[in-house]
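A.B. asks: What follows is target_21.cif, made up of mmCIF, C-alpha atoms:
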```cif
data_final
loop_
_atom_site.label_atom_id
_atom_site.label_comp_id
_atom_site.auth_asym_id
_atom_site.auth_seq_id
_atom_site.Cartn_x
_atom_site.Cartn_y
_atom_site.Cartn_z
CA MET A 33 -6.84 -5.30 -27.96
CA ASN A 34 -6.71 -9.01 -28.82
CA LYS A 35 -3.48 -9.51 -26.92
CA ILE A 36 -5.03 -7.98 -23.81
CA ALA A 37 -8.31 -9.88 -24.19
CA GLU A 38 -6.42 -13.16 -24.43
CA LEU A 39 -4.98 -12.62 -20.95
CA GLU A 40 -8.38 -12.48 -19.28
CA HIS A 41 -8.22 -15.99 -17.86
CA TYR A 42 -4.78 -15.43 -16.37
CA VAL A 43 -5.89 -12.46 -14.27
CA GLY A 44 -7.75 -13.21 -11.04
CA ASN A 45 -8.94 -16.72 -10.09
CA THR A 46 -6.42 -16.82 -7.25
CA PRO A 47 -6.33 -19.51 -4.54
CA LEU A 48 -7.98 -19.02 -1.15
CA ILE A 49 -6.15 -20.77 1.66
CA GLU A 50 -7.01 -21.31 5.31
CA ILE A 51 -4.79 -19.86 8.03
CA ARG A 52 -4.71 -22.62 10.61
CA SER A 53 -1.75 -22.43 12.97
CA LEU A 54 -2.03 -18.72 13.76
CA ASN A 55 -5.80 -18.66 14.12
CA PRO A 56 -6.57 -18.02 17.82
CA ASN A 57 -10.22 -19.04 17.53
CA LYS A 58 -10.92 -22.51 16.21
CA ASN A 59 -14.66 -21.78 15.95
CA VAL A 60 -13.90 -19.27 13.21
CA ARG A 61 -12.31 -19.91 9.82
CA VAL A 62 -9.72 -17.39 8.63
CA LEU A 63 -9.05 -17.40 4.90
CA ALA A 64 -6.57 -15.47 2.80
CA LYS A 65 -6.54 -14.97 -0.96
CA LEU A 66 -3.08 -15.36 -2.47
CA GLU A 67 -3.12 -12.54 -4.97
CA TRP A 68 0.38 -12.96 -6.34
CA HIS A 69 -0.80 -16.16 -8.05
CA GLN A 70 -1.92 -14.40 -11.21
CA PHE A 71 -0.42 -12.83 -14.33
CA GLY A 72 0.67 -9.36 -13.25
CA GLY A 73 2.21 -10.52 -9.99
CA SER A 74 -0.05 -8.98 -7.33
CA VAL A 75 -3.59 -7.91 -6.45
CA LYS A 76 -2.95 -4.83 -8.60
CA ALA A 77 -3.05 -7.01 -11.70
CA ARG A 78 -6.84 -6.94 -11.44
CA ALA A 79 -7.13 -3.14 -11.47
CA ALA A 80 -4.34 -2.60 -13.99
CA TYR A 81 -5.80 -5.14 -16.40
CA ASN A 82 -9.32 -3.75 -16.18
CA ILE A 83 -8.12 -0.15 -16.49
CA ILE A 84 -6.16 -0.97 -19.66
CA ARG A 85 -8.88 -3.13 -21.17
CA THR A 86 -11.60 -0.58 -20.47
CA ALA A 87 -9.51 2.26 -21.90
CA LEU A 88 -8.82 0.27 -25.08
CA GLU A 89 -12.50 -0.66 -25.46
CA ASN A 90 -13.61 2.94 -24.92
CA GLY A 91 -11.04 4.31 -27.34
CA ASP A 92 -9.29 6.36 -24.63
CA LEU A 93 -6.00 4.51 -25.15
CA TYR A 94 -4.64 3.94 -28.64
CA GLU A 95 -1.41 3.82 -30.58
CA GLY A 96 0.56 7.00 -30.15
CA LYS A 97 -0.64 7.58 -26.59
CA SER A 98 1.34 6.62 -23.53
CA LEU A 99 -0.50 5.17 -20.55
CA LEU A 100 0.41 7.39 -17.59
CA ASP A 101 -0.20 6.81 -13.89
CA ALA A 102 1.16 7.38 -10.40
CA THR A 103 2.11 4.31 -8.38
CA SER A 104 4.20 3.18 -5.46
CA GLY A 105 5.02 -0.12 -7.12
CA ASN A 106 2.65 -3.00 -7.69
CA THR A 107 0.20 -1.27 -10.02
CA GLY A 108 3.16 0.01 -12.01
CA ILE A 109 4.62 -3.46 -12.32
CA ALA A 110 1.26 -4.88 -13.42
CA TYR A 111 0.84 -2.10 -15.99
CA ALA A 112 4.38 -2.76 -17.21
CA ILE A 113 3.69 -6.46 -17.69
CA PHE A 114 0.43 -5.93 -19.61
CA CYS A 115 1.86 -3.05 -21.63
CA ALA A 116 4.86 -5.16 -22.59
CA VAL A 117 2.52 -7.88 -23.87
CA ALA A 118 0.32 -5.46 -25.80
CA GLY A 119 3.04 -3.10 -27.05
CA ILE A 120 1.62 -0.10 -25.20
CA ASP A 121 3.96 2.75 -24.24
CA LEU A 122 3.95 3.28 -20.45
CA THR A 123 4.98 6.24 -18.29
CA LEU A 124 4.91 5.98 -14.50
CA CYS A 125 5.32 8.61 -11.81
CA VAL A 126 6.93 6.89 -8.84
CA PRO A 127 8.20 8.33 -5.54
CA GLU A 128 11.99 8.33 -5.66
CA ASN A 129 12.22 6.37 -2.42
CA CYS A 130 10.51 3.26 -3.78
CA SER A 131 12.64 0.13 -3.44
CA GLU A 132 15.53 -0.69 -5.76
CA GLU A 133 13.80 -3.93 -6.75
CA ARG A 134 10.82 -2.01 -8.06
CA LYS A 135 13.02 0.39 -9.98
CA GLN A 136 14.85 -2.53 -11.58
CA ILE A 137 11.67 -4.44 -12.44
CA LEU A 138 10.02 -1.40 -14.03
CA LYS A 139 13.14 -0.63 -16.03
CA ALA A 140 13.53 -4.24 -17.18
CA LEU A 141 9.93 -4.31 -18.36
CA GLY A 142 10.46 -1.17 -20.42
CA ALA A 143 8.46 1.44 -18.51
CA ASN A 144 9.42 5.13 -18.67
CA VAL A 145 9.76 6.15 -15.04
CA VAL A 146 9.53 9.71 -13.73
CA TYR A 147 10.77 9.87 -10.16
CA THR A 148 8.91 12.24 -7.84
CA SER A 149 9.67 13.77 -4.47
CA PRO A 150 10.40 11.26 -1.72
CA PHE A 151 8.71 13.62 0.75
CA GLU A 152 5.30 13.51 -0.89
CA THR A 153 4.45 9.77 -1.20
CA THR A 154 2.08 8.82 -4.04
CA ASP A 155 0.08 12.01 -3.47
CA GLY A 156 3.05 13.90 -4.94
CA ALA A 157 3.37 11.37 -7.76
CA GLN A 158 -0.28 11.97 -8.65
CA ARG A 159 0.30 15.72 -8.75
CA VAL A 160 3.21 15.31 -11.15
CA ALA A 161 1.17 12.99 -13.37
CA ARG A 162 -1.65 15.54 -13.54
CA GLU A 163 0.83 18.27 -14.47
CA MET A 164 2.28 16.12 -17.25
CA VAL A 165 -1.17 15.47 -18.72
CA ALA A 166 -2.11 19.14 -18.47
CA SER A 167 1.04 20.20 -20.30
CA ASP A 168 0.68 17.63 -23.11
CA PRO A 169 -2.82 16.12 -23.15
CA SER A 170 -2.49 14.45 -26.54
CA ALA A 171 0.56 12.45 -25.45
CA TYR A 172 -1.01 10.60 -22.54
CA PHE A 173 -3.94 8.55 -21.37
CA TYR A 174 -4.01 9.31 -17.64
CA ALA A 175 -5.20 6.06 -16.08
CA ASP A 176 -5.58 7.57 -12.59
CA GLN A 177 -6.01 4.36 -10.60
CA TYR A 178 -7.15 6.39 -7.58
CA ALA A 179 -10.22 7.73 -9.39
CA ASN A 180 -10.81 5.22 -12.17
CA ASP A 181 -13.98 3.13 -11.74
CA ALA A 182 -12.34 0.28 -13.64
CA ASN A 183 -10.17 -0.21 -10.54
CA TRP A 184 -12.92 -1.05 -8.07
CA LEU A 185 -15.08 -2.70 -10.72
CA ALA A 186 -12.32 -5.29 -11.26
CA HIS A 187 -12.92 -6.39 -7.68
CA TYR A 188 -16.70 -6.03 -7.94
CA HIS A 189 -16.79 -8.42 -10.90
CA GLY A 190 -13.78 -10.52 -9.89
CA THR A 191 -12.51 -10.75 -6.32
CA ALA A 192 -15.94 -10.60 -4.67
CA VAL A 193 -17.49 -13.24 -6.92
CA GLU A 194 -14.51 -15.53 -6.43
CA LEU A 195 -14.72 -15.15 -2.63
CA TRP A 196 -18.44 -15.79 -2.62
CA ASN A 197 -17.96 -19.01 -4.58
CA GLN A 198 -14.75 -20.17 -2.88
CA THR A 199 -16.31 -19.84 0.58
CA ARG A 200 -19.48 -21.55 -0.67
CA GLU A 201 -21.38 -18.41 0.27
CA GLN A 202 -20.24 -18.74 3.89
CA ILE A 203 -18.15 -15.55 4.18
CA THR A 204 -19.26 -13.46 7.16
CA HIS A 205 -16.48 -10.83 7.42
CA PHE A 206 -14.23 -9.17 4.85
CA VAL A 207 -11.13 -7.44 6.17
CA SER A 208 -8.76 -5.34 4.07
CA GLY A 209 -6.40 -2.38 4.22
CA LEU A 210 -7.11 0.80 2.27
CA GLY A 211 -4.79 2.12 -0.42
CA THR A 212 -6.40 3.16 -3.68
CA THR A 213 -9.38 1.58 -1.85
CA GLY A 214 -10.26 -0.39 -5.01
CA THR A 215 -10.08 -3.82 -3.37
CA PHE A 216 -12.17 -2.79 -0.40
CA THR A 217 -14.72 -0.75 -2.35
CA GLY A 218 -15.27 -3.23 -5.16
CA THR A 219 -15.20 -6.41 -3.11
CA GLY A 220 -17.19 -4.93 -0.24
CA THR A 221 -19.91 -3.45 -2.44
CA ARG A 222 -20.54 -6.74 -4.23
CA LEU A 223 -20.37 -8.88 -1.11
CA LEU A 224 -23.10 -6.78 0.50
CA GLU A 225 -25.25 -7.37 -2.58
CA PHE A 226 -24.74 -11.13 -2.12
CA ASN A 227 -25.47 -10.95 1.60
CA PRO A 228 -26.19 -7.67 3.42
CA ASN A 229 -25.22 -9.25 6.74
CA ILE A 230 -21.55 -9.54 5.79
CA GLU A 231 -19.45 -7.18 7.88
CA LEU A 232 -16.78 -5.06 6.17
CA ILE A 233 -13.78 -4.05 8.26
CA GLY A 234 -11.34 -1.49 6.86
CA LEU A 235 -7.75 -1.43 8.08
CA GLN A 236 -5.65 1.67 8.54
CA PRO A 237 -2.02 2.20 9.48
CA ASP A 238 -1.81 3.57 13.01
CA SER A 239 0.39 6.41 11.81
CA ALA A 240 0.96 8.74 8.88
CA LEU A 241 4.42 7.18 8.61
CA HIS A 242 4.22 3.43 8.25
CA GLY A 243 5.71 0.45 6.42
CA MET A 244 2.67 -1.03 4.71
CA GLU A 245 3.36 -0.69 1.01
CA GLY A 246 0.41 0.81 -0.82
CA TRP A 247 -1.65 1.65 2.26
CA LYS A 248 -2.91 5.17 2.76
CA HIS A 249 -3.38 6.86 6.13
CA LEU A 250 -6.64 8.49 5.14
CA GLU A 251 -6.52 11.07 7.93
CA THR A 252 -3.41 12.67 6.43
CA ALA A 253 -3.47 11.54 2.77
CA HIS A 254 -5.31 12.65 -0.33
CA ILE A 255 -8.58 10.67 -0.32
CA PRO A 256 -8.91 8.56 -3.49
CA GLY A 257 -11.80 9.52 -5.77
CA ILE A 258 -13.17 5.97 -5.80
CA TYR A 259 -13.33 5.74 -2.00
CA ASN A 260 -16.80 5.15 -0.55
CA ASP A 261 -16.65 6.45 3.03
CA LYS A 262 -19.98 4.83 3.92
CA LEU A 263 -19.00 1.28 3.07
CA ALA A 264 -16.91 0.11 6.05
CA HIS A 265 -18.85 -0.99 9.12
CA ARG A 266 -15.79 -0.32 11.24
CA PHE A 267 -12.05 0.30 11.13
CA LEU A 268 -9.09 -1.22 12.92
CA GLU A 269 -5.60 0.23 13.16
CA VAL A 270 -2.47 -1.83 12.47
CA ASP A 271 0.97 -1.03 13.79
CA THR A 272 3.81 -1.57 11.31
CA MET A 273 5.82 -3.57 13.85
CA GLU A 274 2.85 -5.91 14.41
CA ALA A 275 2.84 -6.51 10.66
CA TYR A 276 6.59 -7.15 10.55
CA ASP A 277 6.24 -9.62 13.42
CA MET A 278 3.42 -11.32 11.53
CA ILE A 279 5.67 -11.77 8.46
CA GLN A 280 7.95 -13.89 10.64
CA GLN A 281 5.08 -15.82 12.21
CA VAL A 282 3.49 -16.63 8.86
CA ALA A 283 6.79 -17.83 7.42
CA ARG A 284 7.45 -20.14 10.33
CA HIS A 285 3.93 -21.45 10.94
CA GLU A 286 2.02 -21.16 7.67
CA GLY A 287 4.85 -21.67 5.18
CA LEU A 288 4.29 -18.42 3.32
CA LEU A 289 6.68 -15.53 2.77
CA ILE A 290 4.38 -12.54 2.53
CA SER A 291 4.65 -8.76 2.11
CA PRO A 292 4.08 -6.14 4.83
CA SER A 293 0.59 -5.28 3.55
CA SER A 294 -0.38 -8.96 3.43
CA ALA A 295 0.84 -9.39 6.99
CA ALA A 296 -1.02 -6.28 8.11
CA ASN A 297 -4.22 -7.63 6.55
CA LEU A 298 -3.75 -10.86 8.49
CA VAL A 299 -3.15 -8.95 11.74
CA GLY A 300 -6.53 -7.30 11.19
CA ALA A 301 -8.28 -10.53 10.20
CA LEU A 302 -7.00 -12.39 13.28
CA LYS A 303 -8.13 -9.55 15.56
CA VAL A 304 -11.60 -9.79 14.04
CA ALA A 305 -11.64 -13.59 14.36
CA GLU A 306 -10.53 -13.46 17.99
CA ASN A 307 -13.74 -11.75 19.08
CA LEU A 308 -16.29 -13.84 17.20
CA ASP A 309 -18.30 -16.84 18.35
CA THR A 310 -18.38 -18.27 14.86
CA GLY A 311 -17.90 -17.14 11.28
CA THR A 312 -15.71 -17.06 8.19
CA VAL A 313 -13.27 -14.16 8.08
CA VAL A 314 -11.65 -13.45 4.73
CA THR A 315 -8.78 -11.18 3.77
CA VAL A 316 -6.44 -10.79 0.82
CA PHE A 317 -2.68 -11.15 0.61
CA PRO A 318 -1.84 -8.53 -2.05
CA ASP A 319 1.67 -9.84 -2.76
CA ASP A 320 4.44 -12.04 -1.45
CA ALA A 321 7.85 -11.07 -0.07
CA SER A 322 9.77 -11.31 -3.33
CA LYS A 323 9.94 -7.54 -3.88
CA TYR A 324 10.93 -6.75 -0.29
CA GLY A 325 14.42 -8.19 -0.20
CA ALA A 326 15.92 -5.63 2.17
CA LEU A 327 13.13 -6.05 4.72
CA THR A 328 13.17 -9.85 4.45
CA SER A 329 16.91 -9.90 5.02
CA GLN A 330 16.54 -7.75 8.14
CA LEU A 331 13.60 -9.69 9.59
CA PHE A 332 15.24 -13.07 9.15
CA ASN A 333 18.87 -12.00 9.75
CA LEU A 334 19.86 -13.26 6.31
CA MET B 1098 20.51 26.31 12.87
CA SER B 1099 19.86 23.13 10.91
CA LYS B 1100 16.80 22.72 8.75
CA LEU B 1101 14.46 19.74 9.09
CA ILE B 1102 12.35 18.90 6.04
CA ILE B 1103 8.89 17.63 7.01
CA PRO B 1104 7.20 15.17 4.59
CA THR B 1105 3.74 16.02 3.29
CA PRO B 1106 1.83 13.44 5.38
CA LEU B 1107 3.06 15.07 8.60
CA ARG B 1108 2.35 18.68 7.67
CA LYS B 1109 -1.17 18.36 9.01
CA PHE B 1110 0.49 18.44 12.43
CA THR B 1111 2.78 21.43 11.71
CA ASN B 1112 0.18 23.93 10.48
CA ASN B 1113 1.26 23.00 6.95
CA GLU B 1114 4.83 24.12 7.53
CA GLY B 1115 7.22 22.13 5.34
CA SER B 1116 10.36 22.78 7.38
CA PHE B 1117 11.52 23.37 10.93
CA ASN B 1118 14.65 25.17 12.11
CA SER B 1119 16.42 23.52 15.01
CA SER B 1120 19.40 24.19 17.22
CA GLY B 1121 19.73 20.51 18.19
CA SER B 1122 23.21 19.04 17.82
CA THR B 1123 22.12 15.44 17.17
CA VAL B 1124 19.27 13.91 15.16
CA ARG B 1125 17.66 12.87 18.42
CA GLU B 1126 17.72 16.44 19.74
CA VAL B 1127 16.36 17.81 16.47
CA ILE B 1128 13.46 15.35 16.39
CA HIS B 1129 12.64 15.90 20.06
CA GLU B 1130 12.68 19.67 19.55
CA LEU B 1131 10.27 19.24 16.63
CA VAL B 1132 7.97 17.01 18.67
CA SER B 1133 7.94 19.36 21.65
CA THR B 1134 6.92 22.18 19.30
CA HIS B 1135 4.31 20.13 17.44
CA ASP B 1136 2.95 17.65 19.95
CA GLY B 1137 0.70 15.89 17.40
CA LEU B 1138 3.79 14.45 15.72
CA LYS B 1139 4.85 12.42 18.72
CA LYS B 1140 2.96 9.21 17.97
CA HIS B 1141 4.11 9.30 14.35
CA LEU B 1142 7.83 9.70 15.05
CA LEU B 1143 8.60 8.27 18.49
CA ASP B 1144 7.93 4.96 20.20
CA ASP B 1145 6.85 4.61 23.82
CA ASN B 1146 10.46 4.92 24.96
CA GLY B 1147 11.04 8.18 23.14
CA ASN B 1148 13.14 6.55 20.42
CA ILE B 1149 12.60 7.24 16.73
CA ARG B 1150 10.29 4.53 15.40
CA SER B 1151 12.43 1.94 13.66
CA PHE B 1152 10.80 2.21 10.22
CA VAL B 1153 10.93 6.03 10.12
CA ARG B 1154 13.79 6.98 7.82
CA VAL B 1155 15.83 10.03 8.68
CA TYR B 1156 18.60 11.47 6.53
CA VAL B 1157 21.29 14.03 7.30
CA GLY B 1158 22.18 15.47 3.93
CA GLU B 1159 22.24 12.49 1.56
CA ASP B 1160 23.01 9.90 4.23
CA ASP B 1161 20.58 7.60 6.04
CA ILE B 1162 21.31 7.91 9.77
CA LYS B 1163 21.20 4.09 10.00
CA SER B 1164 24.49 4.10 8.06
CA LEU B 1165 25.92 6.75 10.42
CA ASN B 1166 25.28 6.81 14.16
CA ASN B 1167 21.50 6.43 14.21
CA ASP B 1168 19.79 9.07 16.32
CA LEU B 1169 23.10 10.16 17.83
CA THR B 1170 24.31 11.28 14.40
CA PRO B 1171 25.65 14.83 14.78
CA VAL B 1172 23.82 17.68 13.11
CA ALA B 1173 25.87 20.74 12.18
CA GLN B 1174 24.85 24.29 11.41
CA ASN B 1175 23.24 24.47 7.94
CA ASP B 1176 22.75 20.69 7.72
CA ILE B 1177 19.53 19.52 6.07
CA VAL B 1178 17.76 16.78 8.02
CA SER B 1179 14.99 14.90 6.18
CA ILE B 1180 12.23 12.58 7.33
CA ILE B 1181 11.30 10.26 4.45
CA PRO B 1182 8.08 8.22 4.42
CA ALA B 1183 8.85 4.53 3.86
CA ILE B 1184 7.36 3.19 0.65
CA ALA B 1185 8.24 -0.47 0.81
CA GLY B 1186 9.08 -0.97 4.43
CA GLY B 1187 12.34 -1.39 6.24
CA ILE B 1188 13.73 -1.65 9.76
CA ALA B 1189 17.03 -2.00 11.60
#
```
Using structure tokens, write down the structure that the file contains.

C.D. replies:
Amino acid sequence: MNKIAELEHYVGNTPLIEIRSLNPNKNVRVLAKLEWHQFGGSVKARAAYNIIRTALENGDLYEGKSLLDATSGNTGIAYAIFCAVAGIDLTLCVPENCSEERKQILKALGANVVYTSPFETTDGAQRVAREMVASDPSAYFYADQYANDANWLAHYHGTAVELWNQTREQITHFVSGLGTTGTFTGTGTRLLEFNPNIELIGLQPDSALHGMEGWKHLETAHIPGIYNDKLAHRFLEVDTMEAYDMIQQVARHEGLLISPSSAANLVGALKVAENLDTGTVVTVFPDDASKYGALTSQLFNL
Amino acid sequence: MSKLIIPTPLRKFTNNEGSFNSSGSTVREVIHELVSTHDGLKKHLLDDNGNIRSFVRVYVGEDDIKSLNNDLTPVAQNDIVSIIPAIAGGIA
């Protein structure tokens, strides 16, 4: 427990930067939180850390048990980093079609990886995880990031408070894609407590098949247990190709190499900003481009 | 007939059917036959020009059609054609 507790100050507290060149409306500020600037490597560090810490504090996770969860990548990597530090055994159910980089990172960090059907996305990985727990309940602590309150509470106590302070209480709109929905649910819930006039805009892929890592197309996917369907004031759809184009634009004009989901969040934030008279629009960049080598090579003809 | 495997996220549009038998002789013909049978799939698989959306991954057997002849890749009797949801993105 001590080893995990000592990491507290290295999780969260990420920088918030202003998007200037690509902002079409100079009367509105557009801000993005750079979530790869924390121990754990992505926005998922927040949820993974809080899930592990809460499970240790509650006595649900202890020596002899393996932490088990389904993931498409970033949560698994964050778990693997924290588990390596704390000496916790880790088992991950991951769709077989996740990228080679993710497979290599998880292996290097010592995670046991169970590959699941490439046809079933993370919904299938969750099913396999549940079956594993059912067949050997004493062997695993099933973290279940999709239904674990420690996921969204990490953002309620962390991301939202940071945004409120970093914007000097000026945030007017929060825009974010939905995956486990932890970022949106936790951040959005707390922001509305700070100021009920803040507008929450949820982003969705425009199709069941898309390229935004971690995003769920809620119309066709299993709805996460932590999802609050009354929270978003409205939704916008993002096309994968718009996001890929944005990756190129951000690299050339903002000096950041970002991931598809970060780019998709910015597409949504800029659309919101475009139609405002004034305000402060905030989004998150879940991770950078470092784990998307194949896509980066294709986009930039490397 | 070849057999097309439909990924879980798209089965909402195929009355929950997980596969589709096709007489198409290329990947393009197979996908278009699928879409004409299940119209709701069109926006998920094809762009405005009727081409397979660039980030939708299609395999014939074990091979990604991008390493073969893209949507003109031949499909033989008893071939298994698979549509795989992208996890971490990819184009070209």

A.B. asks: Looking at only C-alpha atoms, which of B:Asn1166, B:Val1172, B:Val1155, B:Leu1143 is the one that sits closest to Pro150 in chain A?

C.D. replies: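 The answer is B:Val1155, which sits nearest to Pro150 in chain A.
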
A.B. asks: Find the residues around Asn82 in chain A up to 10 Å (only C-alpha atoms counted), leave out those fewer than 2 positions away in its own chain, and share them as a list in words.

C.D. replies: Ile36, Glu40, Val43, Lys76, Ala77, Arg78, Ala79, Ala80, Ile84, Arg85, Thr86, Ala87, Leu88, Asn180, Asp181, Ala182, Asn183, Trp184, Leu185, Ala186 and His187 of chain A

A.B. asks: Could you tell me, as number ranges by chain, exactly which residues end up selected when the PyMOL selection byres ((chain A and resi 308) around 12) is applied to this structure?

C.D. replies: A: 55-62, 204-205, 231, 301-307, 309-313

A.B. asks: Given the file shown, enumerate the residues that the PyMOL selection byres ((chain A and resi 262) around 12) captures and present them as a PDB file with C-alpha atoms, in the coordinates of the input.

C.D. replies:
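See part.pdb below for the written result:
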```pdb
ATOM      1  CA  PHE A 216     -12.170  -2.790  -0.400  1.00  0.00           C
ATOM      2  CA  THR A 217     -14.720  -0.750  -2.350  1.00  0.00           C
ATOM      3  CA  GLY A 220     -17.190  -4.930  -0.240  1.00  0.00           C
ATOM      4  CA  THR A 221     -19.910  -3.450  -2.440  1.00  0.00           C
ATOM      5  CA  LEU A 232     -16.780  -5.060   6.170  1.00  0.00           C
ATOM      6  CA  ILE A 233     -13.780  -4.050   8.260  1.00  0.00           C
ATOM      7  CA  GLY A 234     -11.340  -1.490   6.860  1.00  0.00           C
ATOM      8  CA  ILE A 258     -13.170   5.970  -5.800  1.00  0.00           C
ATOM      9  CA  TYR A 259     -13.330   5.740  -2.000  1.00  0.00           C
ATOM     10  CA  ASN A 260     -16.800   5.150  -0.550  1.00  0.00           C
ATOM     11  CA  ASP A 261     -16.650   6.450   3.030  1.00  0.00           C
ATOM     12  CA  LEU A 263     -19.000   1.280   3.070  1.00  0.00           C
ATOM     13  CA  ALA A 264     -16.910   0.110   6.050  1.00  0.00           C
ATOM     14  CA  HIS A 265     -18.850  -0.990   9.120  1.00  0.00           C
ATOM     15  CA  ARG A 266     -15.790  -0.320  11.240  1.00  0.00           C
ATOM     16  CA  PHE A 267     -12.050   0.300  11.130  1.00  0.00           C
TER      17      PHE A 267
END
```

A.B. asks: Considering all atoms listed in the file, give me a table of residues in chain A that are at most 7 Å from chain B, with the closest atom pair and distance in Å for each, as JSON lines.

C.D. replies:
```
{"residue": "A:Ser104", "atom": "CA", "partner": "B:Ile1184", "partner_atom": "CA", "distance": 6.9}
{"residue": "A:Asn129", "atom": "CA", "partner": "B:Ile1184", "partner_atom": "CA", "distance": 6.6}
{"residue": "A:Cys130", "atom": "CA", "partner": "B:Ile1184", "partner_atom": "CA", "distance": 5.4}
{"residue": "A:Ser131", "atom": "CA", "partner": "B:Ala1185", "partner_atom": "CA", "distance": 6.1}
{"residue": "A:Pro150", "atom": "CA", "partner": "B:Ile1181", "partner_atom": "CA", "distance": 6.3}
{"residue": "A:Phe151", "atom": "CA", "partner": "B:Pro1104", "partner_atom": "CA", "distance": 4.4}
{"residue": "A:Glu152", "atom": "CA", "partner": "B:Thr1105", "partner_atom": "CA", "distance": 5.1}
{"residue": "A:Thr153", "atom": "CA", "partner": "B:Pro1182", "partner_atom": "CA", "distance": 6.9}
{"residue": "A:Ser239", "atom": "CA", "partner": "B:His1141", "partner_atom": "CA", "distance": 5.4}
{"residue": "A:Ala240", "atom": "CA", "partner": "B:Pro1106", "partner_atom": "CA", "distance": 5.9}
{"residue": "A:Leu241", "atom": "CA", "partner": "B:Pro1182", "partner_atom": "CA", "distance": 5.7}
{"residue": "A:His242", "atom": "CA", "partner": "B:Ala1183", "partner_atom": "CA", "distance": 6.5}
{"residue": "A:Gly243", "atom": "CA", "partner": "B:Gly1186", "partner_atom": "CA", "distance": 4.2}
{"residue": "A:Met244", "atom": "CA", "partner": "B:Gly1186", "partner_atom": "CA", "distance": 6.4}
{"residue": "A:Glu245", "atom": "CA", "partner": "B:Ala1185", "partner_atom": "CA", "distance": 4.9}
{"residue": "A:Thr252", "atom": "CA", "partner": "B:Pro1106", "partner_atom": "CA", "distance": 5.4}
{"residue": "A:Ala253", "atom": "CA", "partner": "B:Pro1106", "partner_atom": "CA", "distance": 6.2}
{"residue": "A:Tyr324", "atom": "CA", "partner": "B:Ala1185", "partner_atom": "CA", "distance": 6.9}
{"residue": "A:Ala326", "atom": "CA", "partner": "B:Gly1187", "partner_atom": "CA", "distance": 6.9}
{"residue": "A:Leu327", "atom": "CA", "partner": "B:Gly1187", "partner_atom": "CA", "distance": 5.0}
{"residue": "A:Gln330", "atom": "CA", "partner": "B:Ala1189", "partner_atom": "CA", "distance": 6.7}
```

A.B. asks: Using CA of Asn1118 in chain B and CA of Pro127 in chain A as the two end points, give the distance in Å to one decimal.

C.D. replies: 25.2 Å

A.B. asks: Please identify all polymer residues within 10 Å of Ala157 in chain A, counting all atoms listed in the file, omitting same-chain residues fewer than 5 positions from it, and present them as an mmCIF file with C-alpha atoms, keeping the file's coordinate frame.

C.D. replies:
```cif
data_model
loop_
_atom_site.group_PDB
_atom_site.id
_atom_site.type_symbol
_atom_site.label_atom_id
_atom_site.label_comp_id
_atom_site.auth_asym_id
_atom_site.auth_seq_id
_atom_site.Cartn_x
_atom_site.Cartn_y
_atom_site.Cartn_z
ATOM 1 C CA ASP A 101 -0.200 6.810 -13.890
ATOM 2 C CA ALA A 102 1.160 7.380 -10.400
ATOM 3 C CA THR A 103 2.110 4.310 -8.380
ATOM 4 C CA SER A 104 4.200 3.180 -5.460
ATOM 5 C CA LEU A 124 4.910 5.980 -14.500
ATOM 6 C CA CYS A 125 5.320 8.610 -11.810
ATOM 7 C CA VAL A 126 6.930 6.890 -8.840
ATOM 8 C CA PRO A 127 8.200 8.330 -5.540
ATOM 9 C CA GLU A 128 11.990 8.330 -5.660
ATOM 10 C CA VAL A 146 9.530 9.710 -13.730
ATOM 11 C CA TYR A 147 10.770 9.870 -10.160
ATOM 12 C CA THR A 148 8.910 12.240 -7.840
ATOM 13 C CA SER A 149 9.670 13.770 -4.470
ATOM 14 C CA PRO A 150 10.400 11.260 -1.720
ATOM 15 C CA GLU A 152 5.300 13.510 -0.890
ATOM 16 C CA ARG A 162 -1.650 15.540 -13.540
ATOM 17 C CA GLU A 163 0.830 18.270 -14.470
#
```

A.B. asks: Here's a test: counting all atoms listed in the file, identify every protein, DNA and RNA residue with an atom at most 7 Å from (19.6, 17.7, 7.1) in the file's coordinate frame, and state them as a PyMOL selection string.

C.D. replies: chain B and resi 1099-1101+1156-1158+1176-1179

A.B. asks: What's the separation between CA of Glu1126 in chain B and CA of Thr1170 in chain B, in Å to one decimal place?

C.D. replies: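 Going from CA of Glu1126 in chain B over to CA of Thr1170 in chain B, I get 9.9 Å.
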
A.B. asks: Can you tell me, as a list of chain:residue names, what residues are no more than 9 Å from Met1098 in chain B when counting all atoms listed in the file, ignoring any on the same chain fewer than 4 positions away?

C.D. replies: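 These residues fall inside the cut-off: B:Asn1118, B:Ser1119, B:Ser1120, B:Gly1121, B:Ala1173, B:Gln1174, B:Asn1175, B:Asp1176.
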
A.B. asks: Env of range 138-143 of chain A: 10 Å cut, atoms = all atoms listed in the file, seq-sep filter 6 positions within chain, self excluded. Answer as a list of chain:residue names.

C.D. replies: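 The neighbour list is A:Leu99, A:Gly105, A:Asn106, A:Gly108, A:Ile109, A:Ala110, A:Tyr111, A:Ala112, A:Ile113, A:Phe114, A:Cys115, A:Ala116, A:Val117, A:Ile120, A:Asp121, A:Leu122, A:Thr123, A:Leu124, A:Glu132.
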
A.B. asks: Point out the residue among A:Ile230, A:Met278, A:Leu331, A:Leu250 with the least atom-to-atom distance to Leu298 in chain A, counting only C-alpha atoms.

C.D. replies: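 Once distances to Leu298 in chain A are computed over only C-alpha atoms, the minimum belongs to A:Met278.
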